[in-house]
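Notes follow the structure.
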Amino acid sequence: MQDLRISLVQGATRWHDPDANREYYGELINPLANATDLVILPETFTSGFSNEAIDKAEGMDGPTVRWISEQAIALDAAVTGSVQLRTEQGVFNRLLWATPDGELQYYDKRHLFRYAGEHKRYAAGEKRLTVEWKGWRINPLVCYDLRFPVYSRNRYNVEREGQLDFDLQIFVANWPAARAYAWKTLLRARAIENLCYVAAVNRVGVDGNGLEYSGDSAVIDFLGQPLIETTGEEGVVSSVISGAELAAHRERFPAMLDGDAFSLS
């Protein structure tokens, strides 16, 4: 694996305004053209986290899917983030993964946030996603998924022979400031237990429900140490992760060889 440059886009998402958000986030990421490998946007970046946004959910042929694919091409980088998307099976909190070659993959949020009633209006995803980008295996997840270590677990000798499932785990979120300590703690736990890097993006500002978000976006190494960590200001920060350092750590501390075998359903 070559080194990978990751850019975290910590924005103050406009409430229920997809057009304004595409313009806003487009302006934030425009300077990253030909200067990064991976651009990560927050959860529900076209609306904010809202059950009411379901009424304006787009389809896969809508403007946001086109927009994220266009951004990947313009930046010459992978671009990811989640939005509400309507299908015949229901409306999903769907993470989109777009690459400059025109490929588009997606992951539907598996764990719906019962505390806010997300499970009553949105459909739950059924399978985990692992993508490959520039020699890295990457597992993207959404917000509340962070609290479920079994689903987030990096398994050995399952998806690829003699290796772990993934090298980098991504979380996109709208995680309120009131639970910031849990956010920071669980991100470190996922990195340590999964012997991988973690890159996480949370929004900032105050949403239409009056909830405050403190950001705390970060890139964390396999020892649980932050390579970069933000506070509550909107903006873009970048960090480089090392494939060689990750491989050396796994060789030096091969805890995956003692892990428990299990399957996800």
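We name chains A, B, ... following the order of the structure tokens; residues begin at 1 in each chain, and ligands are numbered from 1 as shown.
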Just the residues within 12 Å of Phe262 (chain A), please, counting only C-alpha atoms, with nothing from its chain fewer than 3 positions along; format it as number ranges by chain. A: 150-151, 153-158, 259, 265
Could the residues in this selection be saved with all heavy atoms as a CSV table (one decimal), in the first residue's frame?
```csv
chain,number,residue,atom,x,y,z
A,150,VAL,N,-19.2,-5.5,17.0
A,150,VAL,CA,-19.3,-6.8,16.2
A,150,VAL,C,-19.4,-6.5,14.8
A,150,VAL,O,-18.6,-7.0,13.9
A,150,VAL,CB,-20.4,-7.7,16.7
A,150,VAL,CG1,-20.5,-8.9,15.8
A,150,VAL,CG2,-20.2,-8.1,18.2
A,151,TYR,N,-20.3,-5.6,14.4
A,151,TYR,CA,-20.5,-5.2,13.0
A,151,TYR,C,-19.3,-4.5,12.4
A,151,TYR,O,-19.0,-4.6,11.3
A,151,TYR,CB,-21.7,-4.4,12.8
A,151,TYR,CG,-22.2,-4.3,11.4
A,151,TYR,CD1,-22.8,-5.4,10.8
A,151,TYR,CD2,-22.1,-3.1,10.7
A,151,TYR,CE1,-23.3,-5.4,9.5
A,151,TYR,CE2,-22.6,-3.1,9.4
A,151,TYR,CZ,-23.2,-4.2,8.8
A,151,TYR,OH,-23.6,-4.1,7.5
A,153,ARG,N,-16.2,-5.1,13.3
A,153,ARG,CA,-15.0,-5.8,13.6
A,153,ARG,C,-14.2,-6.2,12.3
A,153,ARG,O,-14.8,-6.6,11.3
A,153,ARG,CB,-15.4,-7.1,14.3
A,153,ARG,CG,-14.2,-7.9,14.8
A,153,ARG,CD,-13.4,-7.2,15.9
A,153,ARG,NE,-12.5,-8.1,16.5
A,153,ARG,CZ,-11.5,-7.7,17.4
A,153,ARG,NH1,-11.5,-6.4,17.7
A,153,ARG,NH2,-10.7,-8.5,18.0
A,154,ASN,N,-12.9,-6.1,12.4
A,154,ASN,CA,-12.0,-6.5,11.3
A,154,ASN,C,-11.7,-8.0,11.5
A,154,ASN,O,-11.0,-8.4,12.5
A,154,ASN,CB,-10.7,-5.6,11.4
A,154,ASN,CG,-10.0,-5.4,10.1
A,154,ASN,OD1,-10.5,-6.0,9.1
A,154,ASN,ND2,-9.0,-4.7,10.1
A,155,ARG,N,-12.1,-8.8,10.6
A,155,ARG,CA,-11.9,-10.2,10.7
A,155,ARG,C,-10.7,-10.7,9.9
A,155,ARG,O,-10.3,-10.1,8.9
A,155,ARG,CB,-13.1,-11.0,10.1
A,155,ARG,CG,-14.4,-10.6,10.9
A,155,ARG,CD,-15.6,-11.1,10.1
A,155,ARG,NE,-15.7,-10.5,8.8
A,155,ARG,CZ,-16.5,-10.8,7.9
A,155,ARG,NH1,-17.4,-11.8,8.1
A,155,ARG,NH2,-16.5,-10.2,6.7
A,156,TYR,N,-10.1,-11.7,10.3
A,156,TYR,CA,-8.8,-12.2,9.7
A,156,TYR,C,-9.2,-13.5,8.8
A,156,TYR,O,-9.9,-14.3,9.3
A,156,TYR,CB,-7.8,-12.6,10.8
A,156,TYR,CG,-6.5,-13.2,10.2
A,156,TYR,CD1,-5.6,-12.3,9.6
A,156,TYR,CD2,-6.2,-14.5,10.3
A,156,TYR,CE1,-4.4,-12.8,9.1
A,156,TYR,CE2,-5.0,-15.0,9.8
A,156,TYR,CZ,-4.1,-14.2,9.2
A,156,TYR,OH,-2.9,-14.7,8.7
A,157,ASN,N,-8.6,-13.5,7.6
A,157,ASN,CA,-8.7,-14.7,6.7
A,157,ASN,C,-10.2,-14.9,6.3
A,157,ASN,O,-10.6,-16.1,6.2
A,157,ASN,CB,-8.1,-15.9,7.4
A,157,ASN,CG,-7.7,-16.9,6.4
A,157,ASN,OD1,-7.3,-16.6,5.3
A,157,ASN,ND2,-7.9,-18.2,6.8
A,158,VAL,N,-11.0,-13.9,6.2
A,158,VAL,CA,-12.4,-14.0,5.8
A,158,VAL,C,-12.6,-13.4,4.4
A,158,VAL,O,-12.9,-14.1,3.4
A,158,VAL,CB,-13.3,-13.3,6.8
A,158,VAL,CG1,-14.8,-13.4,6.3
A,158,VAL,CG2,-13.2,-14.0,8.1
A,259,GLY,N,-7.9,-13.8,17.2
A,259,GLY,CA,-9.3,-13.4,17.2
A,259,GLY,C,-10.3,-14.5,17.1
A,259,GLY,O,-9.9,-15.6,16.7
A,265,SER,N,-24.4,-11.3,9.7
A,265,SER,CA,-25.6,-11.6,9.1
A,265,SER,C,-26.5,-10.4,9.1
A,265,SER,O,-26.3,-9.4,9.8
A,265,SER,CB,-26.3,-12.8,9.7
A,265,SER,OG,-26.6,-12.5,11.1
```
Would you return as a PyMOL selection string the members of region 13-203 of chain A that DSSP assigns to strand (DSSP E or B) on this structure's backbone? chain A and resi 38-40+58+78-87+90-98+104-108+123+131-133+136-142+156+164+168-173+176+197-202
Write to file, as a compact mmCIF listing (two decimals), in the first residue's frame, the residues of the selection just made, with N, CA and C atoms.
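Result saved to out.txt:
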```
# COMPACT_ATOMS: atom_id res chain seq x y z
N LEU A 38 -8.46 11.05 -0.89
CA LEU A 38 -9.77 10.68 -0.35
C LEU A 38 -10.38 11.88 0.36
N VAL A 39 -11.62 12.22 -0.01
CA VAL A 39 -12.35 13.34 0.58
C VAL A 39 -13.56 12.77 1.32
N ILE A 40 -13.69 13.09 2.61
CA ILE A 40 -14.77 12.55 3.42
C ILE A 40 -15.69 13.68 3.88
N GLU A 58 -34.00 12.12 -2.43
CA GLU A 58 -33.78 11.95 -3.86
C GLU A 58 -33.67 10.47 -4.22
N ALA A 78 -11.21 9.91 -4.50
CA ALA A 78 -12.44 9.29 -4.03
C ALA A 78 -13.16 10.28 -3.13
N VAL A 79 -14.48 10.33 -3.24
CA VAL A 79 -15.30 11.23 -2.41
C VAL A 79 -16.42 10.40 -1.79
N THR A 80 -16.64 10.60 -0.48
CA THR A 80 -17.67 9.83 0.20
C THR A 80 -18.39 10.69 1.23
N GLY A 81 -19.63 10.30 1.54
CA GLY A 81 -20.49 10.96 2.52
C GLY A 81 -21.87 10.36 2.38
N SER A 82 -22.77 10.60 3.33
CA SER A 82 -24.08 9.97 3.24
C SER A 82 -25.20 10.99 3.01
N VAL A 83 -26.27 10.52 2.36
CA VAL A 83 -27.48 11.32 2.12
C VAL A 83 -28.70 10.40 2.22
N GLN A 84 -29.88 11.00 2.33
CA GLN A 84 -31.11 10.21 2.29
C GLN A 84 -31.46 9.92 0.84
N LEU A 85 -31.63 8.64 0.52
CA LEU A 85 -31.94 8.25 -0.86
C LEU A 85 -33.11 7.27 -0.88
N ARG A 86 -34.04 7.53 -1.79
CA ARG A 86 -35.26 6.74 -1.89
C ARG A 86 -35.11 5.63 -2.93
N THR A 87 -35.51 4.42 -2.55
CA THR A 87 -35.52 3.28 -3.46
C THR A 87 -36.87 2.58 -3.34
N GLY A 90 -37.53 1.47 0.21
CA GLY A 90 -37.66 2.47 1.26
C GLY A 90 -36.60 3.55 1.11
N VAL A 91 -36.53 4.44 2.11
CA VAL A 91 -35.52 5.49 2.12
C VAL A 91 -34.38 5.07 3.03
N PHE A 92 -33.17 5.12 2.50
CA PHE A 92 -31.98 4.71 3.25
C PHE A 92 -31.12 5.92 3.57
N ASN A 93 -30.44 5.85 4.70
CA ASN A 93 -29.33 6.76 4.99
C ASN A 93 -28.13 6.11 4.29
N ARG A 94 -27.87 6.56 3.08
CA ARG A 94 -26.96 5.84 2.18
C ARG A 94 -25.63 6.57 2.02
N LEU A 95 -24.55 5.90 2.37
CA LEU A 95 -23.22 6.41 2.12
C LEU A 95 -22.84 6.12 0.68
N LEU A 96 -22.43 7.16 -0.03
CA LEU A 96 -22.00 7.03 -1.42
C LEU A 96 -20.48 7.03 -1.49
N TRP A 97 -19.94 6.20 -2.35
CA TRP A 97 -18.49 6.12 -2.54
C TRP A 97 -18.22 6.30 -4.04
N ALA A 98 -17.70 7.47 -4.41
CA ALA A 98 -17.47 7.79 -5.82
C ALA A 98 -15.98 7.92 -6.09
N LEU A 104 -19.30 4.07 -8.83
CA LEU A 104 -20.08 4.49 -7.67
C LEU A 104 -20.54 3.26 -6.90
N GLN A 105 -20.18 3.19 -5.62
CA GLN A 105 -20.66 2.13 -4.74
C GLN A 105 -21.38 2.79 -3.56
N TYR A 106 -22.12 1.98 -2.81
CA TYR A 106 -22.83 2.57 -1.67
C TYR A 106 -22.96 1.57 -0.52
N TYR A 107 -23.15 2.15 0.66
CA TYR A 107 -23.41 1.37 1.88
C TYR A 107 -24.61 2.00 2.58
N ASP A 108 -25.60 1.19 2.92
CA ASP A 108 -26.78 1.66 3.63
C ASP A 108 -26.58 1.46 5.14
N ALA A 123 -35.16 2.78 6.23
CA ALA A 123 -34.89 1.35 6.08
C ALA A 123 -33.45 1.07 6.48
N VAL A 131 -14.41 -1.42 0.20
CA VAL A 131 -13.99 -0.92 -1.11
C VAL A 131 -12.47 -0.95 -1.19
N GLU A 132 -11.95 -0.93 -2.40
CA GLU A 132 -10.51 -0.87 -2.62
C GLU A 132 -10.16 0.43 -3.31
N TRP A 133 -9.13 1.11 -2.78
CA TRP A 133 -8.72 2.37 -3.36
C TRP A 133 -7.23 2.59 -3.13
N TRP A 136 -5.51 0.22 -0.82
CA TRP A 136 -6.06 0.12 0.53
C TRP A 136 -7.43 -0.55 0.48
N ARG A 137 -7.69 -1.38 1.49
CA ARG A 137 -9.03 -1.92 1.71
C ARG A 137 -9.70 -1.04 2.76
N ILE A 138 -10.88 -0.53 2.43
CA ILE A 138 -11.53 0.50 3.25
C ILE A 138 -12.96 0.07 3.59
N ASN A 139 -13.32 0.20 4.86
CA ASN A 139 -14.66 -0.14 5.34
C ASN A 139 -15.37 1.14 5.80
N PRO A 140 -16.33 1.66 5.01
CA PRO A 140 -17.04 2.88 5.40
C PRO A 140 -18.32 2.56 6.17
N LEU A 141 -18.53 3.28 7.27
CA LEU A 141 -19.71 3.10 8.11
C LEU A 141 -20.31 4.46 8.45
N VAL A 142 -21.51 4.44 9.06
CA VAL A 142 -22.24 5.68 9.29
C VAL A 142 -22.61 5.83 10.77
N TYR A 156 -10.05 -11.72 10.33
CA TYR A 156 -8.84 -12.24 9.69
C TYR A 156 -9.17 -13.46 8.85
N LEU A 164 -6.38 -9.26 7.06
CA LEU A 164 -7.58 -8.69 7.65
C LEU A 164 -8.49 -8.14 6.55
N LEU A 168 -8.37 0.52 6.60
CA LEU A 168 -8.87 1.83 7.02
C LEU A 168 -10.37 1.73 7.23
N GLN A 169 -10.83 2.24 8.37
CA GLN A 169 -12.26 2.28 8.64
C GLN A 169 -12.70 3.75 8.68
N ILE A 170 -13.82 4.05 8.03
CA ILE A 170 -14.33 5.41 7.94
C ILE A 170 -15.67 5.52 8.66
N PHE A 171 -15.85 6.61 9.38
CA PHE A 171 -17.15 6.93 9.97
C PHE A 171 -17.54 8.34 9.56
N VAL A 172 -18.74 8.48 8.97
CA VAL A 172 -19.30 9.80 8.70
C VAL A 172 -20.45 10.00 9.67
N ALA A 173 -20.59 11.21 10.23
CA ALA A 173 -21.51 11.35 11.35
C ALA A 173 -22.14 12.72 11.46
N PRO A 176 -23.97 14.58 18.09
CA PRO A 176 -24.12 15.78 18.92
C PRO A 176 -23.02 15.95 19.97
N TYR A 197 -6.22 2.00 10.64
CA TYR A 197 -6.44 3.43 10.78
C TYR A 197 -7.95 3.69 10.80
N VAL A 198 -8.34 4.78 11.45
CA VAL A 198 -9.73 5.23 11.44
C VAL A 198 -9.74 6.69 11.01
N ALA A 199 -10.62 7.02 10.08
CA ALA A 199 -10.84 8.41 9.66
C ALA A 199 -12.31 8.72 9.90
N ALA A 200 -12.60 9.78 10.64
CA ALA A 200 -13.97 10.08 11.04
C ALA A 200 -14.28 11.55 10.85
N VAL A 201 -15.45 11.84 10.27
CA VAL A 201 -15.88 13.22 10.03
C VAL A 201 -17.23 13.45 10.68
N ASN A 202 -17.30 14.47 11.50
CA ASN A 202 -18.53 14.90 12.15
C ASN A 202 -18.80 16.34 11.76
```
Check the smallest atom-to-atom distance from each of A:Asp61, A:Asp221, A:Asp3, A:Asp76 to Asn30 (chain A) using only C-alpha atoms, then report the winner. A:Asp76
Using backbone DSSP assignments, extract all alpha helix (DSSP H) residues from region 4-126 of chain A; output them as number ranges by chain. A: 18-29, 63-75, 118-121
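Taking CA of Trp67 (chain A) as the reference point, CA of Glu43 (chain A) is found at 15.7 Å.
For the atom pair formed by CA of Cys196 (chain A) and CA of Phe222 (chain A), the distance is 4.8 Å, given to one decimal.
Using only C-alpha atoms, the shortest contact distance between Glu126 (chain A) and any of A:Ser239, A:Val219, A:Leu264, A:Ala33 is found at A:Leu264.
Considering only C-alpha atoms, the residue among A:Thr44, A:Ser50, A:Ser214, A:Asn194 positioned nearest to Leu246 (chain A) is A:Asn194.
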Using only C-alpha atoms, which residue out of A:Glu234, A:Ala177, A:Phe49, A:Ile73 lies closest to Tyr24 (chain A)? A:Glu234
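When only C-alpha atoms are used to measure the gap to Phe166 (chain A), the shortest distance among A:Met1, A:Cys143, A:Ala189, A:Val65 belongs to A:Met1.
Residue nearest Asp258 (chain A) within the list A:Glu212, A:Glu161, A:Glu193, A:Asp55: A:Glu193 [criterion: smallest interatomic distance, only C-alpha atoms].
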So that I can check the surroundings of Arg203 (chain A), please list as a PyMOL selection string every protein, DNA and RNA residue that reaches within 6 Å of it, counting only C-alpha atoms and ignoring chain neighbours fewer than 3 positions away. chain A and resi 10-12+42+174+215
May I have the selected residues written with N, CA, C and O atoms, as a PDB file, in the first residue's frame?
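Full text of out-v7.pdb as output:
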```pdb
ATOM      1  N   GLN A  10     -15.177  19.094   7.511  1.00  0.00           N
ATOM      2  CA  GLN A  10     -16.000  19.317   8.697  1.00  0.00           C
ATOM      3  C   GLN A  10     -16.853  20.567   8.466  1.00  0.00           C
ATOM      4  O   GLN A  10     -16.415  21.688   8.689  1.00  0.00           O
ATOM      5  N   GLY A  11     -18.078  20.367   8.003  1.00  0.00           N
ATOM      6  CA  GLY A  11     -18.920  21.485   7.616  1.00  0.00           C
ATOM      7  C   GLY A  11     -20.084  21.729   8.555  1.00  0.00           C
ATOM      8  O   GLY A  11     -20.475  20.865   9.346  1.00  0.00           O
ATOM      9  N   ALA A  12     -20.652  22.929   8.438  1.00  0.00           N
ATOM     10  CA  ALA A  12     -21.879  23.307   9.144  1.00  0.00           C
ATOM     11  C   ALA A  12     -23.033  23.140   8.163  1.00  0.00           C
ATOM     12  O   ALA A  12     -23.446  24.094   7.488  1.00  0.00           O
ATOM     13  N   PRO A  42     -19.559  14.774   5.815  1.00  0.00           N
ATOM     14  CA  PRO A  42     -20.324  14.257   6.953  1.00  0.00           C
ATOM     15  C   PRO A  42     -21.510  13.379   6.538  1.00  0.00           C
ATOM     16  O   PRO A  42     -21.851  13.270   5.354  1.00  0.00           O
ATOM     17  N   ASN A 174     -23.286  12.732  12.180  1.00  0.00           N
ATOM     18  CA  ASN A 174     -23.888  13.907  12.803  1.00  0.00           C
ATOM     19  C   ASN A 174     -24.019  13.528  14.269  1.00  0.00           C
ATOM     20  O   ASN A 174     -25.061  13.057  14.720  1.00  0.00           O
ATOM     21  N   GLY A 215     -17.884  18.828  16.111  1.00  0.00           N
ATOM     22  CA  GLY A 215     -16.865  18.378  15.170  1.00  0.00           C
ATOM     23  C   GLY A 215     -16.076  17.202  15.723  1.00  0.00           C
ATOM     24  O   GLY A 215     -16.545  16.077  15.713  1.00  0.00           O
TER      25      GLY A 215
END
```
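Rounded to one decimal, CA of Phe253 (chain A) and CA of Leu227 (chain A) lie 20.0 Å from each other.
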